>>> print(open('start_14.cif').read())   # mmCIF, C-alpha atoms, pLDDT in the B column; chains and numbers go by the auth columns
data_input
loop_
_atom_site.group_PDB
_atom_site.id
_atom_site.type_symbol
_atom_site.label_atom_id
_atom_site.label_comp_id
_atom_site.label_asym_id
_atom_site.label_seq_id
_atom_site.Cartn_x
_atom_site.Cartn_y
_atom_site.Cartn_z
_atom_site.B_iso_or_equiv
_atom_site.auth_seq_id
_atom_site.auth_asym_id
ATOM 1 C CA MET A 1 47.437 -110.047 294.803 71.00 173 A
ATOM 2 C CA SER A 2 49.947 -109.406 292.020 84.00 174 A
ATOM 3 C CA ARG A 3 47.293 -110.194 289.402 91.00 175 A
ATOM 4 C CA GLU A 4 44.827 -107.655 290.839 91.00 176 A
ATOM 5 C CA LEU A 5 47.513 -104.968 291.127 90.00 177 A
ATOM 6 C CA ALA A 6 48.688 -105.587 287.582 93.00 178 A
ATOM 7 C CA GLU A 7 45.097 -105.271 286.351 95.00 179 A
ATOM 8 C CA LEU A 8 44.556 -102.073 288.328 95.00 180 A
ATOM 9 C CA ARG A 9 47.789 -100.505 287.150 93.00 181 A
ATOM 10 C CA ALA A 10 46.803 -101.352 283.557 95.00 182 A
ATOM 11 C CA CYS A 11 43.277 -99.912 283.973 96.00 183 A
ATOM 12 C CA ARG A 12 42.287 -97.446 281.240 95.00 184 A
ATOM 13 C CA HIS A 13 38.562 -97.313 281.999 94.00 185 A
ATOM 14 C CA CYS A 14 38.485 -93.512 282.503 93.00 186 A
ATOM 15 C CA ALA A 15 41.191 -92.591 279.985 94.00 187 A
ATOM 16 C CA ALA A 16 38.796 -90.583 277.801 94.00 188 A
ATOM 17 C CA ILE A 17 37.900 -88.191 280.638 93.00 189 A
ATOM 18 C CA LEU A 18 41.351 -87.761 282.201 94.00 190 A
ATOM 19 C CA PRO A 19 43.626 -84.806 281.373 93.00 191 A
ATOM 20 C CA PHE A 20 46.728 -87.056 281.237 94.00 192 A
ATOM 21 C CA PRO A 21 47.267 -90.725 280.415 95.00 193 A
ATOM 22 C CA PRO A 22 46.072 -92.935 283.286 96.00 194 A
ATOM 23 C CA ARG A 23 48.573 -93.638 286.045 96.00 195 A
ATOM 24 C CA PRO A 24 46.746 -95.467 288.844 97.00 196 A
ATOM 25 C CA VAL A 25 48.328 -94.796 292.227 97.00 197 A
ATOM 26 C CA VAL A 26 47.792 -97.333 295.014 97.00 198 A
ATOM 27 C CA GLN A 27 49.713 -98.866 297.917 97.00 199 A
ATOM 28 C CA ILE A 28 48.514 -102.209 299.223 97.00 200 A
ATOM 29 C CA ALA A 29 49.690 -105.470 300.783 97.00 201 A
ATOM 30 C CA THR A 30 47.701 -108.291 302.363 97.00 202 A
ATOM 31 C CA THR A 31 49.356 -107.620 305.738 98.00 203 A
ATOM 32 C CA ALA A 32 48.224 -103.972 305.989 98.00 204 A
ATOM 33 C CA ARG A 33 46.297 -103.165 309.156 98.00 205 A
ATOM 34 C CA LEU A 34 45.465 -99.556 308.334 98.00 206 A
ATOM 35 C CA LEU A 35 43.638 -98.542 305.168 98.00 207 A
ATOM 36 C CA ILE A 36 43.587 -94.912 304.084 98.00 208 A
ATOM 37 C CA VAL A 37 40.861 -94.102 301.575 98.00 209 A
ATOM 38 C CA GLY A 38 41.355 -90.658 300.100 97.00 210 A
ATOM 39 C CA GLN A 39 39.999 -88.709 297.165 96.00 211 A
ATOM 40 C CA ALA A 40 42.251 -89.001 294.095 96.00 212 A
ATOM 41 C CA PRO A 41 45.881 -88.265 293.305 96.00 213 A
ATOM 42 C CA GLY A 42 46.770 -84.627 292.794 93.00 214 A
ATOM 43 C CA ARG A 43 49.040 -83.424 290.028 93.00 215 A
ATOM 44 C CA LYS A 44 52.248 -83.925 292.014 94.00 216 A
ATOM 45 C CA VAL A 45 51.216 -87.444 293.019 96.00 217 A
ATOM 46 C CA HIS A 46 50.370 -88.204 289.384 94.00 218 A
ATOM 47 C CA GLU A 47 53.846 -87.075 288.346 95.00 219 A
ATOM 48 C CA THR A 48 55.712 -89.046 291.043 96.00 220 A
ATOM 49 C CA GLY A 49 53.428 -92.063 291.433 94.00 221 A
ATOM 50 C CA VAL A 50 53.817 -91.789 295.222 97.00 222 A
ATOM 51 C CA PRO A 51 50.504 -91.486 297.121 97.00 223 A
ATOM 52 C CA TRP A 52 49.994 -88.422 299.316 98.00 224 A
ATOM 53 C CA ASN A 53 53.360 -87.040 298.144 96.00 225 A
ATOM 54 C CA ASP A 54 52.257 -83.417 298.498 95.00 226 A
ATOM 55 C CA ASP A 55 51.240 -80.821 301.081 95.00 227 A
ATOM 56 C CA SER A 56 47.989 -82.670 301.765 96.00 228 A
ATOM 57 C CA GLY A 57 49.990 -85.791 302.546 97.00 229 A
ATOM 58 C CA SER A 58 52.238 -83.857 304.912 97.00 230 A
ATOM 59 C CA ARG A 59 49.143 -82.613 306.757 97.00 231 A
ATOM 60 C CA LEU A 60 47.633 -86.104 306.885 98.00 232 A
ATOM 61 C CA ARG A 61 50.856 -87.539 308.287 98.00 233 A
ATOM 62 C CA ALA A 62 50.914 -84.759 310.912 98.00 234 A
ATOM 63 C CA TRP A 63 47.295 -85.476 311.827 98.00 235 A
ATOM 64 C CA THR A 64 48.009 -89.194 312.314 98.00 236 A
ATOM 65 C CA LEU A 65 51.530 -88.741 313.713 98.00 237 A
ATOM 66 C CA LEU A 66 52.815 -91.250 311.167 98.00 238 A
ATOM 67 C CA GLU A 67 56.378 -90.755 310.023 98.00 239 A
ATOM 68 C CA PRO A 68 56.938 -91.175 306.274 98.00 240 A
ATOM 69 C CA ALA A 69 58.725 -94.507 306.849 98.00 241 A
ATOM 70 C CA ASP A 70 55.621 -95.876 308.587 98.00 242 A
ATOM 71 C CA PHE A 71 53.107 -94.185 306.279 98.00 243 A
ATOM 72 C CA TYR A 72 54.779 -95.647 303.187 98.00 244 A
ATOM 73 C CA ASP A 73 55.298 -99.118 304.670 98.00 245 A
ATOM 74 C CA GLU A 74 52.833 -101.016 302.483 97.00 246 A
ATOM 75 C CA SER A 75 53.071 -104.056 304.740 98.00 247 A
ATOM 76 C CA ARG A 76 51.308 -101.956 307.417 98.00 248 A
ATOM 77 C CA VAL A 77 49.461 -99.156 305.589 98.00 249 A
ATOM 78 C CA ALA A 78 47.318 -99.549 302.474 98.00 250 A
ATOM 79 C CA ILE A 79 46.385 -96.454 300.472 98.00 251 A
ATOM 80 C CA VAL A 80 43.418 -96.826 298.145 98.00 252 A
ATOM 81 C CA PRO A 81 41.921 -93.626 296.714 98.00 253 A
ATOM 82 C CA MET A 82 38.356 -93.248 295.485 98.00 254 A
ATOM 83 C CA GLY A 83 39.789 -92.389 292.080 97.00 255 A
ATOM 84 C CA PHE A 84 43.149 -93.913 291.187 97.00 256 A
ATOM 85 C CA CYS A 85 44.262 -91.354 288.594 97.00 257 A
ATOM 86 C CA TYR A 86 44.599 -87.576 288.621 96.00 258 A
ATOM 87 C CA PRO A 87 41.177 -86.203 287.560 96.00 259 A
ATOM 88 C CA GLY A 88 42.384 -82.749 286.473 94.00 260 A
ATOM 89 C CA VAL A 89 41.555 -79.236 287.609 92.00 261 A
ATOM 90 C CA ALA A 90 37.962 -78.141 288.166 90.00 262 A
ATOM 91 C CA GLU A 91 36.693 -74.923 286.600 88.00 263 A
ATOM 92 C CA ALA A 92 36.014 -73.470 290.051 84.00 264 A
ATOM 93 C CA GLY A 93 39.511 -74.371 291.281 81.00 265 A
ATOM 94 C CA GLY A 94 40.825 -77.394 293.080 84.00 266 A
ATOM 95 C CA ASP A 95 40.754 -80.815 291.479 91.00 267 A
ATOM 96 C CA ASN A 96 37.837 -82.494 289.757 94.00 268 A
ATOM 97 C CA PRO A 97 36.035 -85.113 291.823 94.00 269 A
ATOM 98 C CA PRO A 98 37.217 -88.692 291.448 96.00 270 A
ATOM 99 C CA PRO A 99 35.353 -90.616 288.746 94.00 271 A
ATOM 100 C CA PRO A 100 32.822 -92.807 290.601 91.00 272 A
ATOM 101 C CA GLU A 101 33.573 -95.761 288.326 93.00 273 A
ATOM 102 C CA CYS A 102 36.921 -96.333 290.047 95.00 274 A
ATOM 103 C CA ALA A 103 35.446 -97.268 293.392 96.00 275 A
ATOM 104 C CA THR A 104 32.705 -99.337 291.793 95.00 276 A
ATOM 105 C CA LEU A 105 35.209 -101.270 289.688 96.00 277 A
ATOM 106 C CA TRP A 106 38.003 -101.741 292.197 97.00 278 A
ATOM 107 C CA HIS A 107 37.254 -101.200 295.886 97.00 279 A
ATOM 108 C CA GLU A 108 35.460 -104.451 296.648 96.00 280 A
ATOM 109 C CA ARG A 109 38.216 -106.431 294.936 95.00 281 A
ATOM 110 C CA LEU A 110 40.952 -104.576 296.797 97.00 282 A
ATOM 111 C CA LEU A 111 39.237 -104.787 300.193 97.00 283 A
ATOM 112 C CA ALA A 112 39.118 -108.552 299.776 96.00 284 A
ATOM 113 C CA LEU A 113 42.929 -108.444 299.691 96.00 285 A
ATOM 114 C CA LEU A 114 43.124 -106.851 303.161 97.00 286 A
ATOM 115 C CA PRO A 115 42.266 -109.597 305.681 98.00 287 A
ATOM 116 C CA GLU A 116 44.360 -107.957 308.426 98.00 288 A
ATOM 117 C CA ARG A 117 42.669 -104.534 308.145 98.00 289 A
ATOM 118 C CA ARG A 118 41.715 -103.143 311.549 98.00 290 A
ATOM 119 C CA LEU A 119 40.893 -99.520 310.683 98.00 291 A
ATOM 120 C CA THR A 120 39.905 -97.476 307.647 98.00 292 A
ATOM 121 C CA LEU A 121 40.496 -93.729 307.615 99.00 293 A
ATOM 122 C CA LEU A 122 37.848 -92.123 305.401 98.00 294 A
ATOM 123 C CA VAL A 123 39.567 -88.972 304.213 98.00 295 A
ATOM 124 C CA GLY A 124 37.112 -86.512 302.684 98.00 296 A
ATOM 125 C CA GLN A 125 33.503 -86.496 301.586 97.00 297 A
ATOM 126 C CA TYR A 126 33.852 -88.915 298.650 98.00 298 A
ATOM 127 C CA ALA A 127 35.252 -91.714 300.810 98.00 299 A
ATOM 128 C CA GLN A 128 32.673 -91.034 303.510 98.00 300 A
ATOM 129 C CA ARG A 129 29.797 -91.042 301.042 98.00 301 A
ATOM 130 C CA PHE A 130 30.905 -94.352 299.519 98.00 302 A
ATOM 131 C CA TYR A 131 31.748 -96.209 302.734 98.00 303 A
ATOM 132 C CA LEU A 132 29.247 -94.769 305.208 98.00 304 A
ATOM 133 C CA GLY A 133 26.331 -94.325 302.819 97.00 305 A
ATOM 134 C CA PRO A 134 23.179 -93.359 304.711 98.00 306 A
ATOM 135 C CA ARG A 135 25.027 -93.542 308.037 98.00 307 A
ATOM 136 C CA ARG A 136 26.925 -90.349 307.301 98.00 308 A
ATOM 137 C CA LYS A 137 25.600 -87.087 308.601 98.00 309 A
ATOM 138 C CA ARG A 138 24.179 -84.080 306.758 97.00 310 A
ATOM 139 C CA ASN A 139 27.648 -82.781 305.840 98.00 311 A
ATOM 140 C CA LEU A 140 31.339 -83.516 306.302 97.00 312 A
ATOM 141 C CA THR A 141 31.652 -81.389 309.449 98.00 313 A
ATOM 142 C CA GLU A 142 28.873 -83.277 311.214 98.00 314 A
ATOM 143 C CA THR A 143 30.245 -86.630 310.035 98.00 315 A
ATOM 144 C CA VAL A 144 33.730 -85.847 311.348 98.00 316 A
ATOM 145 C CA ARG A 145 32.285 -84.542 314.628 98.00 317 A
ATOM 146 C CA ALA A 146 30.409 -87.868 315.030 98.00 318 A
ATOM 147 C CA PHE A 147 33.568 -89.924 314.418 98.00 319 A
ATOM 148 C CA ALA A 148 32.943 -92.167 317.440 98.00 320 A
ATOM 149 C CA GLU A 149 29.742 -93.510 315.857 98.00 321 A
ATOM 150 C CA TYR A 150 31.713 -95.145 313.041 98.00 322 A
ATOM 151 C CA GLY A 151 34.338 -96.990 315.058 96.00 323 A
ATOM 152 C CA PRO A 152 36.031 -99.260 315.384 97.00 324 A
ATOM 153 C CA GLN A 153 35.944 -99.968 311.639 98.00 325 A
ATOM 154 C CA TYR A 154 35.943 -96.422 310.240 98.00 326 A
ATOM 155 C CA PHE A 155 37.303 -93.022 311.219 98.00 327 A
ATOM 156 C CA PRO A 156 36.177 -90.021 309.118 98.00 328 A
ATOM 157 C CA LEU A 157 38.482 -87.069 308.526 98.00 329 A
ATOM 158 C CA PRO A 158 38.254 -83.978 306.338 98.00 330 A
ATOM 159 C CA HIS A 159 40.473 -83.894 303.283 96.00 331 A
ATOM 160 C CA PRO A 160 43.789 -82.342 304.380 96.00 332 A
ATOM 161 C CA SER A 161 43.999 -79.819 301.527 92.00 333 A
ATOM 162 C CA TRP A 162 44.977 -76.215 302.231 86.00 334 A
ATOM 163 C CA ARG A 163 41.260 -75.513 302.739 85.00 335 A
ATOM 164 C CA SER A 164 41.274 -77.780 305.789 87.00 336 A
ATOM 165 C CA GLN A 165 43.407 -75.228 307.622 90.00 337 A
ATOM 166 C CA ILE A 166 40.566 -72.697 307.327 94.00 338 A
ATOM 167 C CA TRP A 167 38.039 -75.381 308.273 96.00 339 A
ATOM 168 C CA SER A 168 40.127 -76.376 311.325 95.00 340 A
ATOM 169 C CA ARG A 169 40.227 -72.783 312.590 95.00 341 A
ATOM 170 C CA ARG A 170 36.425 -72.651 312.368 97.00 342 A
ATOM 171 C CA ASN A 171 36.129 -76.018 314.117 98.00 343 A
ATOM 172 C CA PRO A 172 38.659 -76.053 316.992 97.00 344 A
ATOM 173 C CA TRP A 173 37.119 -79.268 318.359 98.00 345 A
ATOM 174 C CA PHE A 174 38.844 -81.055 315.461 98.00 346 A
ATOM 175 C CA ALA A 175 42.331 -80.456 316.900 97.00 347 A
ATOM 176 C CA ASP A 176 41.186 -80.775 320.508 98.00 348 A
ATOM 177 C CA VAL A 177 39.057 -83.930 320.264 98.00 349 A
ATOM 178 C CA VAL A 178 39.218 -85.626 316.864 98.00 350 A
ATOM 179 C CA LEU A 179 42.957 -85.632 316.210 98.00 351 A
ATOM 180 C CA PRO A 180 43.930 -87.143 319.587 98.00 352 A
ATOM 181 C CA ALA A 181 41.311 -89.872 319.077 98.00 353 A
ATOM 182 C CA CYS A 182 42.515 -90.454 315.513 98.00 354 A
ATOM 183 C CA ARG A 183 46.118 -90.782 316.632 98.00 355 A
ATOM 184 C CA GLU A 184 45.146 -93.311 319.282 98.00 356 A
ATOM 185 C CA VAL A 185 43.135 -95.546 316.940 98.00 357 A
ATOM 186 C CA VAL A 186 45.858 -95.386 314.271 98.00 358 A
ATOM 187 C CA ARG A 187 48.502 -96.327 316.835 98.00 359 A
ATOM 188 C CA ASN A 188 46.334 -99.209 318.093 98.00 360 A
ATOM 189 C CA ALA A 189 45.599 -100.446 314.573 98.00 361 A
ATOM 190 C CA LEU A 190 49.298 -100.619 313.774 98.00 362 A
ATOM 191 C CA ALA A 191 50.349 -102.139 317.123 96.00 363 A
#
>>> encode(input="start_14.cif", output="structure tokens")
Amino acid sequence: MSRELAELRACRHCAAILPFPPRPVVQIATTARLLIVGQAPGRKVHETGVPWNDDSGSRLRAWTLLEPADFYDESRVAIVPMGFCYPGVAEAGGDNPPPPECATLWHERLLALLPERRLTLLVGQYAQRFYLGPRRKRNLTETVRAFAEYGPQYFPLPHPSWRSQIWSRRNPWFADVVLPACREVVRNALA
């Protein structure tokens, strides 16, 4: 695994389109049972090199009931974003989407390093599009609502950005039904 990680951390494939020098952020070990596939590092994560080290990460940890010590235990939890480097700010606000080349270049190789994986959390539309393909629903809301259709391998979640708080208020079933189910499958995957 050290060879693959060294290659990934040295990757400069998207350097020409990134706002800062590449700094791939990933957490992975062959013993990990839970894989979290997110979008791409935000600015704060780019600066620290620690995945989900921002408000979105705090929300995701609250959703899963994982304490930071468990969340950042690479022997149990792998974190592989769709884009490994910070993609910059979009004109309309928020971050740019992750470059699709990252997943194409790296995900298959990294998944092969996770023989103990029991569950993959698909956090946000980019992860769901890549991993669920035509099985996903018309939009993120419908995909998350149909979470049970994707188990036991996958569990779709919205991205936990500040916008998810507005989305959650409009979709109270998320807190009532989806989060308890998510917490149970995460707990079982790590048991």
>>> resolve_selection(input="start_14.cif", expression="the PyMOL selection byres ((chain A and resi 257-268) around 7)", output="PyMOL selection string")
chain A and resi 190-191+194-197+212-215+218+255-256+269-270
>>> resolve_selection(input="start_14.cif", expression="the PyMOL selection byres ((chain A and resi 337-353) around 9)", output="PyMOL selection string")
chain A and resi 235-236+313+316-317+319-320+329-330+332-336+354-358
>>> atom_distance(input="start_14.cif", atom1="atom CA of A:Phe327", atom2="atom CA of A:Trp224")
18.0 Å
>>> closest_atom_pairs(input="start_14.cif", of="stretch 244-324 of chain A", to="stretch 198-209 of chain A", cutoff="6 Å", atoms="only C-alpha atoms", output="JSON lines")
{"residue": "A:Glu246", "atom": "CA", "partner": "A:Ile200", "partner_atom": "CA", "distance": 5.5}
{"residue": "A:Ser247", "atom": "CA", "partner": "A:Ala204", "partner_atom": "CA", "distance": 5.0}
{"residue": "A:Arg248", "atom": "CA", "partner": "A:Ala204", "partner_atom": "CA", "distance": 4.0}
{"residue": "A:Val249", "atom": "CA", "partner": "A:Leu206", "partner_atom": "CA", "distance": 4.9}
{"residue": "A:Ala250", "atom": "CA", "partner": "A:Ile200", "partner_atom": "CA", "distance": 4.4}
{"residue": "A:Ile251", "atom": "CA", "partner": "A:Ile208", "partner_atom": "CA", "distance": 4.8}
{"residue": "A:Val252", "atom": "CA", "partner": "A:Val209", "partner_atom": "CA", "distance": 5.1}
{"residue": "A:Pro253", "atom": "CA", "partner": "A:Val209", "partner_atom": "CA", "distance": 5.0}
{"residue": "A:Leu285", "atom": "CA", "partner": "A:Thr202", "partner_atom": "CA", "distance": 5.5}
{"residue": "A:Leu286", "atom": "CA", "partner": "A:Thr202", "partner_atom": "CA", "distance": 4.9}
{"residue": "A:Glu288", "atom": "CA", "partner": "A:Arg205", "partner_atom": "CA", "distance": 5.2}
{"residue": "A:Arg289", "atom": "CA", "partner": "A:Arg205", "partner_atom": "CA", "distance": 4.0}
{"residue": "A:Arg290", "atom": "CA", "partner": "A:Arg205", "partner_atom": "CA", "distance": 5.2}
{"residue": "A:Leu291", "atom": "CA", "partner": "A:Leu206", "partner_atom": "CA", "distance": 5.1}
{"residue": "A:Thr292", "atom": "CA", "partner": "A:Leu207", "partner_atom": "CA", "distance": 4.6}
{"residue": "A:Leu293", "atom": "CA", "partner": "A:Ile208", "partner_atom": "CA", "distance": 4.8}
{"residue": "A:Leu294", "atom": "CA", "partner": "A:Val209", "partner_atom": "CA", "distance": 5.3}
{"residue": "A:Val295", "atom": "CA", "partner": "A:Val209", "partner_atom": "CA", "distance": 5.9}
>>> atom_distance(input="start_14.cif", atom1="atom CA of A:Leu238", atom2="atom CA of A:Arg359")
8.7 Å
>>> axis_aligned_box(input="start_14.cif", around="stretch 196-206 of chain A", padding_each_side="5 Å", output="JSON")
{"center_x": 47.6, "center_y": -101.5, "center_z": 299.0, "size_x": 14.2, "size_y": 23.5, "size_z": 30.3}
>>> resolve_selection(input="start_14.cif", expression="the PyMOL selection byres ((chain A and resi 299-309) around 8)", output="ChimeraX atom specification")
/A:209-211,254,294-298,310-312,314-315,328
>>> residues_around(input="start_14.cif", residues="A:Leu180", least_positions_apart="2", cutoff="10 Å", atoms="all atoms listed in the file", output="NGL selection string")
:A and (174-178 or 182-185 or 195-198 or 256 or 274 or 277-278 or 282)
>>> atom_distance(input="start_14.cif", atom1="atom CA of A:Phe192", atom2="atom CA of A:Gly221")
13.2 Å
>>> build_atoms(input="start_14.cif", residues="stretch 241-252 of chain A", atoms="all heavy atoms", output="compact mmCIF listing (two decimals), in the coordinates of the input")
# COMPACT_ATOMS: atom_id res chain seq x y z
N ALA A 241 58.31 -93.10 306.93
CA ALA A 241 58.72 -94.51 306.85
C ALA A 241 57.58 -95.44 307.22
O ALA A 241 57.43 -96.52 306.63
CB ALA A 241 59.93 -94.75 307.75
N ASP A 242 56.77 -95.06 308.19
CA ASP A 242 55.62 -95.88 308.59
C ASP A 242 54.47 -95.72 307.59
O ASP A 242 53.84 -96.69 307.21
CB ASP A 242 55.14 -95.50 309.99
CG ASP A 242 56.19 -95.81 311.04
OD1 ASP A 242 56.81 -96.89 310.97
OD2 ASP A 242 56.41 -94.96 311.93
N PHE A 243 54.20 -94.48 307.20
CA PHE A 243 53.11 -94.18 306.28
C PHE A 243 53.28 -94.93 304.95
O PHE A 243 52.31 -95.44 304.39
CB PHE A 243 53.07 -92.67 306.04
CG PHE A 243 51.88 -92.17 305.28
CD1 PHE A 243 50.70 -91.86 305.94
CD2 PHE A 243 51.94 -92.00 303.91
CE1 PHE A 243 49.60 -91.38 305.24
CE2 PHE A 243 50.85 -91.52 303.20
CZ PHE A 243 49.68 -91.21 303.88
N TYR A 244 54.51 -95.01 304.48
CA TYR A 244 54.78 -95.65 303.19
C TYR A 244 55.20 -97.11 303.31
O TYR A 244 55.65 -97.71 302.33
CB TYR A 244 55.81 -94.84 302.40
CG TYR A 244 55.25 -93.52 301.93
CD1 TYR A 244 55.71 -92.33 302.44
CD2 TYR A 244 54.22 -93.49 301.00
CE1 TYR A 244 55.18 -91.11 302.02
CE2 TYR A 244 53.67 -92.28 300.57
CZ TYR A 244 54.16 -91.11 301.09
OH TYR A 244 53.62 -89.91 300.67
N ASP A 245 55.02 -97.69 304.48
CA ASP A 245 55.30 -99.12 304.67
C ASP A 245 54.05 -99.88 304.24
O ASP A 245 53.11 -100.04 305.02
CB ASP A 245 55.64 -99.39 306.13
CG ASP A 245 55.95 -100.84 306.41
OD1 ASP A 245 55.76 -101.71 305.52
OD2 ASP A 245 56.36 -101.14 307.56
N GLU A 246 54.04 -100.36 303.01
CA GLU A 246 52.83 -101.02 302.48
C GLU A 246 52.47 -102.27 303.24
O GLU A 246 51.32 -102.71 303.20
CB GLU A 246 52.97 -101.30 300.99
CG GLU A 246 53.93 -102.40 300.64
CD GLU A 246 53.99 -102.66 299.14
OE1 GLU A 246 53.56 -101.82 298.35
OE2 GLU A 246 54.49 -103.73 298.79
N SER A 247 53.41 -102.87 303.96
CA SER A 247 53.07 -104.06 304.74
C SER A 247 52.18 -103.70 305.92
O SER A 247 51.53 -104.58 306.49
CB SER A 247 54.34 -104.76 305.24
OG SER A 247 54.98 -104.00 306.23
N ARG A 248 52.11 -102.40 306.27
CA ARG A 248 51.31 -101.96 307.42
C ARG A 248 50.18 -101.01 307.02
O ARG A 248 49.14 -100.98 307.66
CB ARG A 248 52.22 -101.27 308.43
CG ARG A 248 53.32 -102.21 308.93
CD ARG A 248 54.27 -101.51 309.86
NE ARG A 248 53.60 -101.31 311.14
CZ ARG A 248 53.82 -100.27 311.92
NH1 ARG A 248 54.69 -99.35 311.57
NH2 ARG A 248 53.18 -100.15 313.06
N VAL A 249 50.42 -100.19 305.99
CA VAL A 249 49.46 -99.16 305.59
C VAL A 249 49.11 -99.32 304.12
O VAL A 249 49.98 -99.26 303.25
CB VAL A 249 50.04 -97.74 305.83
CG1 VAL A 249 49.05 -96.67 305.38
CG2 VAL A 249 50.40 -97.55 307.30
N ALA A 250 47.82 -99.51 303.85
CA ALA A 250 47.32 -99.55 302.47
C ALA A 250 46.72 -98.18 302.15
O ALA A 250 46.10 -97.55 303.01
CB ALA A 250 46.26 -100.63 302.32
N ILE A 251 46.93 -97.73 300.93
CA ILE A 251 46.38 -96.45 300.47
C ILE A 251 45.62 -96.71 299.18
O ILE A 251 46.20 -97.10 298.17
CB ILE A 251 47.51 -95.42 300.25
CG1 ILE A 251 48.27 -95.19 301.57
CG2 ILE A 251 46.92 -94.11 299.72
CD1 ILE A 251 49.50 -94.31 301.44
N VAL A 252 44.31 -96.53 299.27
CA VAL A 252 43.42 -96.83 298.14
C VAL A 252 42.51 -95.62 297.94
O VAL A 252 41.59 -95.40 298.71
CB VAL A 252 42.58 -98.10 298.43
CG1 VAL A 252 41.60 -98.36 297.30
CG2 VAL A 252 43.48 -99.30 298.65
